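To start, the structure under review is shown below, and the notes come after it.
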Amino acid sequence: MRKNLWIPTRLLYLLILSMLFAVGEEIWTRSGGNPKGEKVMVADAVDGDTIHVGRGWRRTTVRLIGVDTPETVHPEKPVQFFGPEASEFTKRSLEGKWVRLRFEPLDRVDRYGRLLAYVFMEDGTFFNRELVRKGYARAYTRFDFRYKRDFLLAQEEARQARKGLWVGERAKGSTAVRAEERVKEKGPPLLPPEGHEGRIIGNVRSKVYHLPGQEGYAHILEKNRIYFDTEEEAIKAGYRRAKR
C-alpha cells in the first residue's frame with residue numbers, strides 16, 4: 001500500500017519542481033535575463049524620478065538622469081507640492097512595462113549606489129524628458145549630461161505653459177532661462193570618443209586640463225584636445241589643472 005502511494009507522491013514532487021522551474025524561467029525572462037542588460041521590466045516606482053527594475057535575478061534601483069521631481073519619500077523632507085502627482089504619473093506610465101535603459105559613458109552609479117540611466121519606453125518615448133516637458137520634474141543641471149540643453153528648453157516650455165509644478169509660478173525671468181543662455185554660450189557638451197571615456201582632457205591652446213565632472217570637461221573642441229591617463233602625466237607635459 002505504501003509503495004503504491006509513493007509513486008504518485010514522487011510524481012507530485014516532480015510536478016512541483018517543474019512548475020517552480022517554469023516560474024523561475026519566466027521571472028528570468030521578464031526581468032531581462034542579463035544582470036547588466038539594457039532592456040528591463042519596471043517592477044515599481046519609488047517616486048517620480050526613481051524606479052525599481054529587474055535585471056537578471058537582481059532588483060535594481062534606477063535614478064533617472066537629468067530630472068528632479070518633488071519629494072514624496074525623503075526621510076528628512078515633507079511631501080512637496082506636486083510630488084504625489086509626479087509619483088503617480090511615473091507609476092502609471094512605467095510599472096509592469098518593458099523599458100530600455102541608456103547610460104552616460106562616465107557616470108553609471110550615484111553615491112547612494114543607484115544606477116543612473118535614461119529611460120526609453122517601448123513606443124520610443126524618452127521618459128526623462130517627458131517628466132520635464134509635462135511639468136512633473138525640473139531639469140537637474142548640477143552636472144553636465146548630453147541632453148541638458150534639450151531638458152532646459154522643455155522645462156521653460158512647461159513653465160511658460162504653467163504645467164504641473166509650475167502652475168503657481170509667476171511669469172518673471174527664471175533660472176532655467178539663464179541656465180539655457182549659459183548652455184547656448186558654451187555650446188552642447190562634447191563627450192569623449194570611444195576609447196577615451198573617463199580620461200583627463202587637456203586644452204592644447206590654454207594648457208589647462210580638466211577632470212571628468214568639471215564644468216569645462218565637455219566643452220573643449222575636439223581639435224584642441226589632448227588626453228591624459230593621470231594628472232601627473234598632464235602636469236609633466238606642462239598643463240595645469242582647471243579651477244572648476
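How things are named: the first chain in the C-alpha cells is A, the next is B, and so on; residues count from 1 in each chain; ligands count from 1 in the order shown.
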May I have the residues within 10 Å of Asp144 of chain A as an mmCIF file with C-alpha atoms, in the first residue's frame, using only C-alpha atoms and disregarding those fewer than 4 positions away in the same chain?
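part.cif, written as the output of this step:
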```cif
data_model
loop_
_atom_site.group_PDB
_atom_site.id
_atom_site.type_symbol
_atom_site.label_atom_id
_atom_site.label_comp_id
_atom_site.auth_asym_id
_atom_site.auth_seq_id
_atom_site.Cartn_x
_atom_site.Cartn_y
_atom_site.Cartn_z
ATOM 1 C CA GLY A 66 18.724 64.947 -15.562
ATOM 2 C CA TYR A 140 18.553 68.713 -12.760
ATOM 3 C CA LYS A 148 20.981 69.197 -20.740
ATOM 4 C CA ARG A 149 20.084 71.834 -23.301
ATOM 5 C CA PRO A 188 26.338 71.477 -26.444
ATOM 6 C CA PRO A 189 28.580 69.107 -24.453
ATOM 7 C CA GLY A 213 32.848 66.099 -13.920
ATOM 8 C CA GLN A 214 34.476 69.540 -14.044
ATOM 9 C CA GLU A 215 32.498 72.339 -15.657
ATOM 10 C CA GLY A 216 34.619 72.702 -18.801
ATOM 11 C CA TYR A 217 35.303 68.993 -19.338
ATOM 12 C CA ALA A 218 32.804 68.510 -22.154
#
```
Subject >> Tyr136 of chain A environment, 9 Å, only C-alpha atoms, sequence neighbours closer than 2 positions dropped, as an MDAnalysis selection string >> reply: chainID A and resid 48 68:70 82:83 85:87 89 130:134 138 163:166
**OP:** Give me the residues within 6 Å of Glu95 of chain A as a list in words, counting only C-alpha atoms and dropping any in the same chain fewer than 6 places off.
**Re:** Val42, Ala43 and Asp44 of chain A
**OP:** Report the distance between atom CA of His219 of chain A and atom CA of Thr141 of chain A in Å, rounded to one decimal place.
**Re:**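 If I compute the distance from atom CA of His219 of chain A to atom CA of Thr141 of chain A, I get 15.3 Å.
In terms of minimum interatomic distance to Lys97 of chain A, A:Gly54 ranks closest within A:Pro212, A:Pro84, A:Pro193, A:Gly54, counting only C-alpha atoms.
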Original post:
Leaving out segment 115-126 of chain A and any residue of its chain fewer than 3 positions from it, which residues lie within 12 Å of it when counting only C-alpha atoms, given as a PyMOL selection string?
Top reply: chain A and resi 36+38-42+49-53+55+59-67+90+93-112+129-133+145-147+150-151
